[in-house]
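Engineer: File query-v4.pdb below, PDB, C-alpha atoms and all ligand atoms:
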ATOM      1  CA  ASN A  13     113.180  93.038 106.223
ATOM      2  CA  GLY A  14     109.703  94.255 107.194
ATOM      3  CA  LYS A  15     109.333  96.444 110.240
ATOM      4  CA  MET A  16     106.542  94.676 112.019
ATOM      5  CA  GLY A  17     106.599  95.661 115.636
ATOM      6  CA  CYS A  18     107.254  93.797 118.875
ATOM      7  CA  CYS A  19     106.616  90.072 119.223
ATOM      8  CA  SER A  20     103.372  89.244 120.933
ATOM      9  CA  SER A  21     101.945  86.261 122.765
ATOM     10  CA  ALA A  22      99.526  85.590 119.914
ATOM     11  CA  CYS A  23     100.543  82.279 118.446
ATOM     12  CA  VAL A  24     100.686  82.099 114.703
ATOM     13  CA  LYS A  25      98.353  79.579 113.085
ATOM     14  CA  ARG A  26     100.530  76.813 111.680
ATOM     15  CA  ILE A  27      99.376  75.730 108.244
ATOM     16  CA  PRO A  28     100.458  72.229 107.120
ATOM     17  CA  LEU A  29     102.384  72.189 103.848
ATOM     18  CA  GLU A  30     100.030  69.669 102.232
ATOM     19  CA  LYS A  31      97.120  72.111 102.671
ATOM     20  CA  ILE A  32      98.768  74.734 100.454
ATOM     21  CA  LEU A  33      98.612  74.564  96.644
ATOM     22  CA  LEU A  34     100.643  77.231  94.804
ATOM     23  CA  ARG A  35      99.080  78.087  91.437
ATOM     24  CA  ARG A  36     101.109  80.915  89.873
ATOM     25  CA  SER A  37     103.626  83.605  90.725
ATOM     26  CA  ILE A  38     102.097  87.091  91.176
ATOM     27  CA  GLY A  39     105.198  88.922  92.436
ATOM     28  CA  GLU A  40     108.960  88.601  92.643
ATOM     29  CA  GLY A  41     111.178  90.462  95.093
ATOM     30  CA  ALA A  42     114.657  90.442  96.527
ATOM     31  CA  PHE A  43     113.547  88.578  99.637
ATOM     32  CA  GLY A  44     111.133  86.085  98.144
ATOM     33  CA  ARG A  45     108.139  85.603  95.900
ATOM     34  CA  VAL A  46     104.364  85.896  96.129
ATOM     35  CA  PHE A  47     102.056  83.267  94.666
ATOM     36  CA  LEU A  48      98.345  82.973  94.012
ATOM     37  CA  GLY A  49      97.322  79.743  95.679
ATOM     38  CA  GLU A  50      94.619  77.666  97.362
ATOM     39  CA  CYS A  51      94.575  76.607 100.988
ATOM     40  CA  MET A  52      92.455  73.702 102.236
ATOM     41  CA  ASP A  53      90.418  73.717 105.464
ATOM     42  CA  LEU A  54      91.212  77.325 106.201
ATOM     43  CA  GLU A  55      87.642  78.442 106.783
ATOM     44  CA  ARG A  56      84.669  76.549 108.130
ATOM     45  CA  ARG A  57      82.346  75.095 105.530
ATOM     46  CA  LYS A  58      84.838  75.901 102.770
ATOM     47  CA  LEU A  59      86.874  73.126 101.127
ATOM     48  CA  PHE A  60      89.505  75.632 100.020
ATOM     49  CA  THR A  61      90.261  79.383 100.154
ATOM     50  CA  ILE A  62      92.009  81.419  97.463
ATOM     51  CA  VAL A  63      95.102  82.934  99.102
ATOM     52  CA  ALA A  64      98.247  84.957  98.425
ATOM     53  CA  VAL A  65     101.354  83.144  99.659
ATOM     54  CA  LYS A  66     104.579  85.020 100.372
ATOM     55  CA  THR A  67     107.609  82.757 100.386
ATOM     56  CA  LEU A  68     110.856  83.635 102.110
ATOM     57  CA  LYS A  69     113.889  82.290 100.248
ATOM     58  CA  GLY A  70     115.287  79.214 102.007
ATOM     59  CA  ASN A  71     118.878  80.430 101.814
ATOM     60  CA  CYS A  72     118.201  83.533 103.863
ATOM     61  CA  SER A  73     120.023  84.252 107.085
ATOM     62  CA  GLU A  74     119.018  83.130 110.567
ATOM     63  CA  HIS A  75     118.425  86.809 111.411
ATOM     64  CA  LEU A  76     115.890  87.106 108.556
ATOM     65  CA  ARG A  77     114.119  83.960 109.774
ATOM     66  CA  ARG A  78     113.754  85.368 113.284
ATOM     67  CA  ASP A  79     112.453  88.581 111.703
ATOM     68  CA  PHE A  80     109.981  86.527 109.692
ATOM     69  CA  GLU A  81     108.744  84.714 112.819
ATOM     70  CA  ARG A  82     108.292  87.971 114.716
ATOM     71  CA  GLU A  83     106.502  89.583 111.774
ATOM     72  CA  ALA A  84     104.153  86.631 111.483
ATOM     73  CA  GLU A  85     103.386  86.708 115.213
ATOM     74  CA  PHE A  86     102.640  90.406 115.077
ATOM     75  CA  LEU A  87     100.603  90.227 111.860
ATOM     76  CA  ALA A  88      98.432  87.556 113.471
ATOM     77  CA  THR A  89      97.307  90.061 116.107
ATOM     78  CA  LEU A  90      95.968  92.638 113.615
ATOM     79  CA  GLU A  91      92.346  92.020 112.661
ATOM     80  CA  HIS A  92      90.415  94.782 110.824
ATOM     81  CA  GLU A  93      88.299  94.988 107.668
ATOM     82  CA  ASN A  94      90.771  97.480 106.143
ATOM     83  CA  ILE A  95      93.926  95.522 107.008
ATOM     84  CA  VAL A  96      94.893  92.588 104.790
ATOM     85  CA  HIS A  97      94.053  89.376 106.692
ATOM     86  CA  PHE A  98      96.981  87.110 107.605
ATOM     87  CA  TYR A  99      95.863  83.451 107.915
ATOM     88  CA  GLY A 100      99.081  81.896 109.200
ATOM     89  CA  ALA A 101     102.478  80.489 108.269
ATOM     90  CA  CYS A 102     104.082  77.250 107.135
ATOM     91  CA  THR A 103     107.665  76.615 108.206
ATOM     92  CA  GLU A 104     107.871  72.910 107.331
ATOM     93  CA  THR A 105     110.211  73.422 104.398
ATOM     94  CA  SER A 106     113.287  75.554 103.923
ATOM     95  CA  ASP A 107     111.133  78.115 102.021
ATOM     96  CA  TRP A 108     108.890  79.513 104.728
ATOM     97  CA  MET A 109     105.460  80.706 103.656
ATOM     98  CA  MET A 110     103.068  83.367 104.959
ATOM     99  CA  VAL A 111      99.447  82.925 103.876
ATOM    100  CA  PHE A 112      97.365  86.075 103.294
ATOM    101  CA  GLU A 113      93.905  86.772 101.965
ATOM    102  CA  TYR A 114      93.977  87.256  98.188
ATOM    103  CA  MET A 115      93.055  90.731  96.921
ATOM    104  CA  GLU A 116      91.853  90.318  93.341
ATOM    105  CA  HIS A 117      92.956  93.692  91.895
ATOM    106  CA  GLY A 118      96.487  93.915  93.278
ATOM    107  CA  ASP A 119      98.142  97.069  94.613
ATOM    108  CA  LEU A 120      96.236 100.370  94.721
ATOM    109  CA  LYS A 121      98.871 102.419  92.849
ATOM    110  CA  ASN A 122      98.602 100.228  89.766
ATOM    111  CA  TYR A 123      94.799 100.070  90.128
ATOM    112  CA  LEU A 124      94.467 103.890  90.229
ATOM    113  CA  ARG A 125      96.745 104.294  87.201
ATOM    114  CA  SER A 126      94.729 101.805  85.146
ATOM    115  CA  HIS A 127      91.380 103.393  86.106
ATOM    116  CA  LYS A 128      92.136 107.019  85.237
ATOM    117  CA  PRO A 129      89.618 109.089  83.223
ATOM    118  CA  ASP A 130      90.445 109.058  79.488
ATOM    119  CA  THR A 131      91.761 112.626  79.249
ATOM    120  CA  ALA A 132      94.720 111.922  81.516
ATOM    121  CA  GLN A 133      95.034 108.378  80.169
ATOM    122  CA  CYS A 134      96.605 108.810  76.754
ATOM    123  CA  THR A 135      99.596 110.704  78.155
ATOM    124  CA  ASP A 136     101.364 107.588  79.365
ATOM    125  CA  GLY A 137     100.014 105.386  76.591
ATOM    126  CA  LEU A 138      98.478 102.881  79.012
ATOM    127  CA  LEU A 139      95.154 101.520  77.810
ATOM    128  CA  PRO A 140      92.422 101.667  80.435
ATOM    129  CA  THR A 141      91.831  98.177  81.754
ATOM    130  CA  GLY A 142      88.433  99.123  83.236
ATOM    131  CA  GLU A 143      85.982 101.979  83.815
ATOM    132  CA  ALA A 144      87.497 105.199  85.161
ATOM    133  CA  LEU A 145      87.013 105.658  88.903
ATOM    134  CA  THR A 146      84.438 108.313  89.757
ATOM    135  CA  LYS A 147      85.126 111.033  92.341
ATOM    136  CA  PRO A 148      82.788 109.388  94.919
ATOM    137  CA  GLU A 149      84.733 106.125  94.415
ATOM    138  CA  LEU A 150      88.017 107.959  95.079
ATOM    139  CA  LEU A 151      86.503 109.236  98.330
ATOM    140  CA  LYS A 152      85.412 105.686  99.231
ATOM    141  CA  ILE A 153      89.023 104.538  98.731
ATOM    142  CA  ILE A 154      90.362 107.357 100.953
ATOM    143  CA  VAL A 155      87.839 106.556 103.711
ATOM    144  CA  GLN A 156      88.872 102.858 103.801
ATOM    145  CA  ILE A 157      92.592 103.658 104.048
ATOM    146  CA  ALA A 158      91.791 106.173 106.816
ATOM    147  CA  LYS A 159      89.886 103.507 108.786
ATOM    148  CA  GLY A 160      92.735 101.013 108.380
ATOM    149  CA  LEU A 161      95.327 103.540 109.541
ATOM    150  CA  ARG A 162      93.116 104.675 112.450
ATOM    151  CA  PHE A 163      93.074 101.014 113.579
ATOM    152  CA  LEU A 164      96.889 100.721 113.307
ATOM    153  CA  ALA A 165      97.287 103.989 115.234
ATOM    154  CA  ALA A 166      94.948 102.640 117.938
ATOM    155  CA  GLN A 167      97.230  99.557 118.162
ATOM    156  CA  ARG A 168     100.189 101.962 118.480
ATOM    157  CA  PHE A 169     101.597 100.405 115.289
ATOM    158  CA  VAL A 170     103.781 102.740 113.208
ATOM    159  CA  HIS A 171     103.701 101.632 109.566
ATOM    160  CA  ARG A 172     106.545 103.861 108.180
ATOM    161  CA  ASP A 173     105.682 103.126 104.554
ATOM    162  CA  LEU A 174     102.028 104.003 103.987
ATOM    163  CA  ALA A 175     101.401 104.699 100.308
ATOM    164  CA  THR A 176      99.031 103.440  97.613
ATOM    165  CA  ARG A 177     101.721 100.887  96.563
ATOM    166  CA  ASN A 178     101.318  99.253  99.990
ATOM    167  CA  CYS A 179      97.526  99.055  99.830
ATOM    168  CA  LEU A 180      95.631  96.269  98.078
ATOM    169  CA  VAL A 181      92.312  96.256  96.192
ATOM    170  CA  GLY A 182      89.716  93.489  96.267
ATOM    171  CA  ASN A 183      86.365  92.986  94.547
ATOM    172  CA  GLY A 184      83.704  95.622  95.127
ATOM    173  CA  LEU A 185      86.361  98.324  95.504
ATOM    174  CA  LYS A 186      87.401  96.890  98.879
ATOM    175  CA  VAL A 187      90.695  98.574  99.875
ATOM    176  CA  LYS A 188      92.995  97.342 102.661
ATOM    177  CA  ILE A 189      96.402  98.364 103.947
ATOM    178  CA  GLY A 190      98.875  95.548 103.489
ATOM    179  CA  ASP A 191     101.687  94.380 101.237
ATOM    180  CA  PHE A 192     104.130  91.563 100.556
ATOM    181  CA  GLY A 193     107.344  93.537 100.872
ATOM    182  CA  MET A 194     107.728  93.855  97.109
ATOM    183  CA  ALA A 195     107.250  97.638  96.803
ATOM    184  CA  ARG A 196     111.009  98.372  96.722
ATOM    185  CA  ASP A 197     111.341  96.024  93.764
ATOM    186  CA  ILE A 198     108.205  96.984  91.835
ATOM    187  CA  TYR A 199     108.219 100.749  92.578
ATOM    188  CA  SER A 200     111.932 101.312  93.140
ATOM    189  CA  THR A 201     111.673 104.967  92.002
ATOM    190  CA  ASP A 202     109.527 105.656  95.080
ATOM    191  CA  TYR A 203     112.572 104.995  97.259
ATOM    192  CA  TYR A 204     115.787 106.889  97.793
ATOM    193  CA  ARG A 205     118.959 105.219  99.013
ATOM    194  CA  VAL A 206     120.099 107.707 101.613
ATOM    195  CA  GLU A 207     123.824 107.501 102.377
ATOM    196  CA  GLY A 208     124.552 104.028 103.647
ATOM    197  CA  SER A 209     121.126 103.397 105.124
ATOM    198  CA  SER A 210     118.166 101.528 103.633
ATOM    199  CA  MET A 211     115.941 102.812 100.837
ATOM    200  CA  LEU A 212     113.512 105.428 102.132
ATOM    201  CA  PRO A 213     110.261 106.658 100.509
ATOM    202  CA  VAL A 214     111.264 110.332 101.042
ATOM    203  CA  ARG A 215     108.344 111.683  98.961
ATOM    204  CA  TRP A 216     105.971 110.250 101.592
ATOM    205  CA  HIS A 217     107.980 111.296 104.684
ATOM    206  CA  PRO A 218     107.700 114.424 106.875
ATOM    207  CA  PRO A 219     110.733 116.590 107.747
ATOM    208  CA  GLU A 220     111.290 114.908 111.142
ATOM    209  CA  SER A 221     111.516 111.451 109.536
ATOM    210  CA  ILE A 222     113.953 112.608 106.858
ATOM    211  CA  PHE A 223     116.213 114.623 109.137
ATOM    212  CA  TYR A 224     115.900 112.991 112.567
ATOM    213  CA  ARG A 225     114.792 109.501 111.391
ATOM    214  CA  THR A 226     111.927 109.597 113.849
ATOM    215  CA  PHE A 227     108.837 107.609 112.849
ATOM    216  CA  THR A 228     105.638 108.045 114.805
ATOM    217  CA  ILE A 229     101.884 107.806 114.476
ATOM    218  CA  GLU A 230     102.113 111.474 113.426
ATOM    219  CA  SER A 231     104.610 110.737 110.640
ATOM    220  CA  ASP A 232     102.191 108.073 109.383
ATOM    221  CA  VAL A 233      99.521 110.856 109.244
ATOM    222  CA  TRP A 234     101.830 112.872 106.970
ATOM    223  CA  SER A 235     102.167 109.797 104.708
ATOM    224  CA  PHE A 236      98.387 109.417 104.728
ATOM    225  CA  GLY A 237      98.122 112.989 103.374
ATOM    226  CA  VAL A 238     100.477 112.075 100.508
ATOM    227  CA  THR A 239      98.502 108.838  99.966
ATOM    228  CA  MET A 240      95.289 110.930  99.645
ATOM    229  CA  TRP A 241      97.124 113.085  97.070
ATOM    230  CA  GLU A 242      98.031 109.911  95.138
ATOM    231  CA  VAL A 243      94.400 108.720  95.155
ATOM    232  CA  VAL A 244      93.013 112.094  93.991
ATOM    233  CA  THR A 245      95.555 112.216  91.124
ATOM    234  CA  TYR A 246      94.871 108.564  90.090
ATOM    235  CA  GLY A 247      98.392 107.517  91.082
ATOM    236  CA  LEU A 248     100.674 110.390  90.055
ATOM    237  CA  GLN A 249     104.195 110.456  91.490
ATOM    238  CA  PRO A 250     104.423 113.121  94.228
ATOM    239  CA  TRP A 251     106.957 115.843  93.248
ATOM    240  CA  SER A 252     107.445 114.047  89.901
ATOM    241  CA  GLU A 253     109.275 117.104  88.508
ATOM    242  CA  PHE A 254     112.012 116.759  91.148
ATOM    243  CA  SER A 255     114.795 114.264  91.817
ATOM    244  CA  ASN A 256     114.988 112.593  95.214
ATOM    245  CA  SER A 257     117.698 114.943  96.455
ATOM    246  CA  GLU A 258     115.677 117.968  95.272
ATOM    247  CA  VAL A 259     112.608 116.561  97.080
ATOM    248  CA  VAL A 260     114.609 116.382 100.318
ATOM    249  CA  GLU A 261     115.509 120.083  99.851
ATOM    250  CA  HIS A 262     111.861 120.886  99.115
ATOM    251  CA  ILE A 263     110.625 119.189 102.257
ATOM    252  CA  LYS A 264     113.364 120.918 104.268
ATOM    253  CA  ASN A 265     112.005 124.272 102.955
ATOM    254  CA  CYS A 266     108.491 123.273 104.118
ATOM    255  CA  HIS A 267     107.019 123.149 100.615
ATOM    256  CA  ILE A 268     103.829 121.089 100.393
ATOM    257  CA  LEU A 269     102.279 119.368  97.385
ATOM    258  CA  PRO A 270      99.944 121.622  95.323
ATOM    259  CA  ARG A 271      96.159 121.104  95.228
ATOM    260  CA  PRO A 272      95.525 118.656  92.355
ATOM    261  CA  SER A 273      93.171 119.971  89.663
ATOM    262  CA  GLY A 274      89.610 118.856  90.400
ATOM    263  CA  CYS A 275      90.412 118.254  94.057
ATOM    264  CA  PRO A 276      87.721 119.836  96.282
ATOM    265  CA  ASP A 277      88.925 122.344  98.886
ATOM    266  CA  PHE A 278      87.675 120.187 101.777
ATOM    267  CA  ILE A 279      89.933 117.292 100.638
ATOM    268  CA  TYR A 280      92.939 119.571 100.113
ATOM    269  CA  ASP A 281      92.307 121.135 103.559
ATOM    270  CA  LEU A 282      92.473 117.578 104.992
ATOM    271  CA  MET A 283      95.802 117.018 103.225
ATOM    272  CA  LYS A 284      97.176 120.304 104.596
ATOM    273  CA  GLY A 285      96.056 119.200 108.074
ATOM    274  CA  CYS A 286      98.288 116.124 107.631
ATOM    275  CA  TRP A 287     101.252 118.229 106.488
ATOM    276  CA  LYS A 288     101.695 120.555 109.471
ATOM    277  CA  ILE A 289     105.430 120.867 110.130
ATOM    278  CA  ASN A 290     104.821 120.420 113.859
ATOM    279  CA  PRO A 291     103.716 116.754 114.267
ATOM    280  CA  GLN A 292     101.529 117.640 117.255
ATOM    281  CA  GLU A 293      99.489 120.050 115.120
ATOM    282  CA  ARG A 294      98.608 117.389 112.528
ATOM    283  CA  TYR A 295      95.125 115.852 112.424
ATOM    284  CA  THR A 296      94.784 112.468 114.141
ATOM    285  CA  MET A 297      93.432 109.543 112.099
ATOM    286  CA  LYS A 298      90.410 109.613 114.415
ATOM    287  CA  SER A 299      89.652 113.253 113.532
ATOM    288  CA  ILE A 300      90.251 112.558 109.822
ATOM    289  CA  CYS A 301      87.717 109.689 109.884
ATOM    290  CA  GLU A 302      85.210 111.998 111.624
ATOM    291  CA  LEU A 303      85.702 114.737 109.013
ATOM    292  CA  LEU A 304      85.375 112.202 106.167
ATOM    293  CA  LYS A 305      82.255 110.609 107.642
ATOM    294  CA  ASP A 306      79.751 113.189 106.407
ATOM    295  CA  ALA A 307      81.762 114.314 103.408
ATOM    296  CA  GLU A 308      80.856 113.541  99.837
ATOM    297  CA  TRP A 309      82.587 114.701  96.752
ATOM    298  CA  LYS A 310      80.340 117.760  96.155
ATOM    299  CA  GLN A 311      82.702 119.544  93.752
ATOM    300  CA  PRO A 312      81.292 119.328  90.194
ATOM    301  CA  ASP A 313      83.944 118.523  87.583
ATOM    302  CA  TYR A 314      83.490 121.658  85.493
ATOM    303  CA  LEU A 315      84.966 123.756  88.338
ATOM    304  CA  ASP A 316      88.457 122.506  87.545
ATOM    305  CA  LEU A 317      88.180 123.919  84.056
ATOM    306  CA  VAL A 318      88.240 127.442  85.465
TER     307      VAL A 318
HETATM  308  C1  LIG B   1      99.426  96.819 107.414
HETATM  309  C2  LIG B   1     100.129  95.620 108.014
HETATM  310  C3  LIG B   1     100.171  95.756 109.525
HETATM  311  C4  LIG B   1      99.340  94.365 107.692
HETATM  312  C5  LIG B   1     101.535  95.559 107.479
HETATM  313  C6  LIG B   1     102.502  96.373 108.036
HETATM  314  C7  LIG B   1     103.806  96.316 107.570
HETATM  315  C8  LIG B   1     104.140  95.428 106.550
HETATM  316  C9  LIG B   1     105.548  95.335 106.116
HETATM  317  O1  LIG B   1     106.460  95.685 106.822
HETATM  318  N1  LIG B   1     105.771  94.840 104.875
HETATM  319  C10 LIG B   1     107.046  94.508 104.458
HETATM  320  C11 LIG B   1     108.073  95.374 104.109
HETATM  321  C12 LIG B   1     109.122  94.553 103.746
HETATM  322  C13 LIG B   1     110.425  94.993 103.262
HETATM  323  C14 LIG B   1     111.036  94.261 102.236
HETATM  324  C15 LIG B   1     112.289  94.664 101.777
HETATM  325  C16 LIG B   1     112.914  95.774 102.333
HETATM  326  C17 LIG B   1     112.294  96.487 103.348
HETATM  327  C18 LIG B   1     111.047  96.112 103.810
HETATM  328  N2  LIG B   1     108.760  93.255 103.878
HETATM  329  N3  LIG B   1     107.476  93.247 104.332
HETATM  330  C19 LIG B   1     106.743  92.056 104.576
HETATM  331  C20 LIG B   1     107.332  91.029 105.324
HETATM  332  C21 LIG B   1     106.616  89.864 105.570
HETATM  333  C22 LIG B   1     105.303  89.728 105.100
HETATM  334  C23 LIG B   1     104.727  90.770 104.350
HETATM  335  C24 LIG B   1     105.447  91.932 104.089
HETATM  336  C25 LIG B   1     103.159  94.636 105.964
HETATM  337  C26 LIG B   1     101.839  94.691 106.436
END
Produce structure tokens that represent the structure in this file.
Ligand SMILES: CC(C)(C)c1ccc(C(=O)Nc2cc(-c3ccccc3)nn2-c2ccccc2)cc1

Structural biologist:
Amino acid sequence: NGKMGCCSSACVKRIPLEKILLRRSIGEGAFGRVFLGECMDLERRKLFTIVAVKTLKGNCSEHLRRDFEREAEFLATLEHENIVHFYGACTETSDWMMVFEYMEHGDLKNYLRSHKPDTAQCTDGLLPTGEALTKPELLKIIVQIAKGLRFLAAQRFVHRDLATRNCLVGNGLKVKIGDFGMARDIYSTDYYRVEGSSMLPVRWHPPESIFYRTFTIESDVWSFGVTMWEVVTYGLQPWSEFSNSEVVEHIKNCHILPRPSGCPDFIYDLMKGCWKINPQERYTMKSICELLKDAEWKQPDYLDLV
């Protein structure tokens, strides 16, 4: 089900079943469930580690199991502070388990939506669960996703589904790219079932991915631009005024998302650099990280009242 890349020599750490304690379900999807749990003897000097455990339903096909194995092998090779850490797998029972680091605040899309400034809050009736995120904090989130994606690009890994729904938030506003394959269940409106093929997140895809089904490091850069737009708007739906089929038309006509109110020009210029129609003209994640390095959110808020 996932799209993790080629199998690698890295062996996956085998975690014995008796070391894993599942506490409560934190996610339910078509292909399995995710639990909050504890894992013994995972880290030195620690009796147990709080973990997120993704289970793969026991009755799934042999093909899915092979997929699962390959994904686990590949995940084990990716180590970066902005990529969700994968500890290992347990295949002793019919329900296989993948053990990940636990990110306390869940997915970034939900986190942004529940930390919006008051003004925009009352529209959807959601009560703020915490303080609104400040502009400098939004920039800090964008920088962390950029570093994670730069690392994946350096590993020649094409993600194909970068979006805030597939990023996770931990304590201290730690943000990492990673997910449990639940996005199509939890955020089904982000996906469009194109004729006969799988569900595609067309609002995050460049023209070449939608029309030629090519996915590259450069198409991930386009998705990063849309992900920045999501962060700056505290989790708005891109092209929310259009249906999926209208969005496909829009992208075909080279329309790009408008500058969100309050978004500084230097951030919107970065987005536009990710949305060049010619993939080769788009910024690289390396150049984006450079440009973000010395940037702060200088734009005072009152400017977006004009
Ligand atoms: C950022 C890293 C490299 C850590 C990464 C990259 C890709 C995925 C991924 O591909 N997720 C993913 C999608 C689906 C998926 C479900 C249903 C339909 C279509 C796709 N499953 N998974 C999944 C499978 C096993 C473990 C966890 C996640 C995750 C992290």

Engineer: Which one is closest to ligand LIG 1 (chain B): A:Ala307, A:Cys266, A:Val187, A:Leu68? Count all atoms listed in the file.

Structural biologist: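 Of A:Ala307, A:Cys266, A:Val187, A:Leu68, the one nearest ligand LIG 1 (chain B), counting all atoms listed in the file, is A:Leu68.
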
Engineer: Determine the nearest neighbour of Ile189 of chain A from the options A:Ile263, A:Ala166, A:Leu269, A:Val96, counting all atoms listed in the file.

Structural biologist: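 So, comparing all the options, the nearest one is A:Val96.
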
Engineer: Kindly resolve the PyMOL selection byres (((not hetatm)) within 7 of (chain B and resi 1)) on the present coordinates and return the residues as JSON, numbers by chain.

Structural biologist: {"A": [13, 14, 15, 16, 43, 66, 80, 83, 87, 90, 95, 96, 110, 171, 189, 190, 191, 192, 193, 194, 196]}

Engineer: Could you turn the residues from that selection into a file that holds C-alpha atoms, as a PDB file, in the coordinates of the input?

Structural biologist:
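Full text of result01.pdb as output:
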ATOM      1  CA  ASN A  13     113.180  93.038 106.223  1.00  0.00           C
ATOM      2  CA  GLY A  14     109.703  94.255 107.194  1.00  0.00           C
ATOM      3  CA  LYS A  15     109.333  96.444 110.240  1.00  0.00           C
ATOM      4  CA  MET A  16     106.542  94.676 112.019  1.00  0.00           C
ATOM      5  CA  PHE A  43     113.547  88.578  99.637  1.00  0.00           C
ATOM      6  CA  LYS A  66     104.579  85.020 100.372  1.00  0.00           C
ATOM      7  CA  PHE A  80     109.981  86.527 109.692  1.00  0.00           C
ATOM      8  CA  GLU A  83     106.502  89.583 111.774  1.00  0.00           C
ATOM      9  CA  LEU A  87     100.603  90.227 111.860  1.00  0.00           C
ATOM     10  CA  LEU A  90      95.968  92.638 113.615  1.00  0.00           C
ATOM     11  CA  ILE A  95      93.926  95.522 107.008  1.00  0.00           C
ATOM     12  CA  VAL A  96      94.893  92.588 104.790  1.00  0.00           C
ATOM     13  CA  MET A 110     103.068  83.367 104.959  1.00  0.00           C
ATOM     14  CA  HIS A 171     103.701 101.632 109.566  1.00  0.00           C
ATOM     15  CA  ILE A 189      96.402  98.364 103.947  1.00  0.00           C
ATOM     16  CA  GLY A 190      98.875  95.548 103.489  1.00  0.00           C
ATOM     17  CA  ASP A 191     101.687  94.380 101.237  1.00  0.00           C
ATOM     18  CA  PHE A 192     104.130  91.563 100.556  1.00  0.00           C
ATOM     19  CA  GLY A 193     107.344  93.537 100.872  1.00  0.00           C
ATOM     20  CA  MET A 194     107.728  93.855  97.109  1.00  0.00           C
ATOM     21  CA  ARG A 196     111.009  98.372  96.722  1.00  0.00           C
TER      22      ARG A 196
END

Engineer: For the interface of segment 107-183 of chain A with segment 214-217 of chain A (cut-off 12 Å, counting all atoms listed in the file), please tabulate each contacting residue of segment 107-183 of chain A alongside its nearest pair of atoms and their separation in Å to one decimal, rows sorted by chain and increasing number, as a Markdown table.

Structural biologist:
| residue | atom | partner | partner_atom | distance |
| --- | --- | --- | --- | --- |
| A:His171 | CA | A:His217 | CA | 11.6 |
| A:Arg172 | CA | A:His217 | CA | 8.3 |
| A:Asp173 | CA | A:Trp216 | CA | 7.7 |
| A:Leu174 | CA | A:Trp216 | CA | 7.8 |
| A:Ala175 | CA | A:Trp216 | CA | 7.3 |
| A:Thr176 | CA | A:Trp216 | CA | 10.5 |
| A:Arg177 | CA | A:Trp216 | CA | 11.4 |

Engineer: Taking into account all atoms listed in the file, which residue in the set A:Val244, A:Lys69, A:Leu34, A:Glu91 is nearest to Lys121 of chain A?

Structural biologist: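 Going through A:Val244, A:Lys69, A:Leu34, A:Glu91 one by one, the smallest distance to Lys121 of chain A is for A:Val244.
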
Engineer: Take atom CA of Val206 of chain A and atom CA of Gly118 of chain A and report the distance between them in Å, one decimal.

Structural biologist: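 These two atoms are separated by 28.6 Å.
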
Engineer: Check the smallest atom-to-atom distance from each of A:Leu282, A:Ala158, A:Pro272, A:Glu230 to Lys298 of chain A using all atoms listed in the file, then report the winner.

Structural biologist: A:Ala158

Engineer: Can you pull out every residue within 8 Å of Cys51 of chain A, counting all atoms listed in the file, but drop anything in the same chain fewer than 5 positions away, and send it as a list in words?

Structural biologist: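 Neighbouring residues, sequence-local ones excluded: Lys31, Ile32, Leu33, Phe60, Thr61, Ile62 and Val63 of chain A.
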
Engineer: Which residue gives the smallest distance to Met52 of chain A among A:Ile27, A:Ala64, A:Cys286, A:Met109, with all atoms listed in the file counted?

Structural biologist: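 Of A:Ile27, A:Ala64, A:Cys286, A:Met109, the one nearest Met52 of chain A, counting all atoms listed in the file, is A:Ile27.
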
Engineer: Can you translate the PyMOL selection byres (((chain A and resi 261) around 12) and not hetatm) into the concrete residues it hits in this file, as a list of chain:residue names?

Structural biologist: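 So the PyMOL selection byres (((chain A and resi 261) around 12) and not hetatm), applied here, picks out A:Val214, A:Arg215, A:Pro218, A:Pro219, A:Ile222, A:Phe223, A:Trp251, A:Phe254, A:Ser255, A:Asn256, A:Ser257, A:Glu258, A:Val259, A:Val260, A:His262, A:Ile263, A:Lys264, A:Asn265, A:Cys266, A:His267, A:Ile268.
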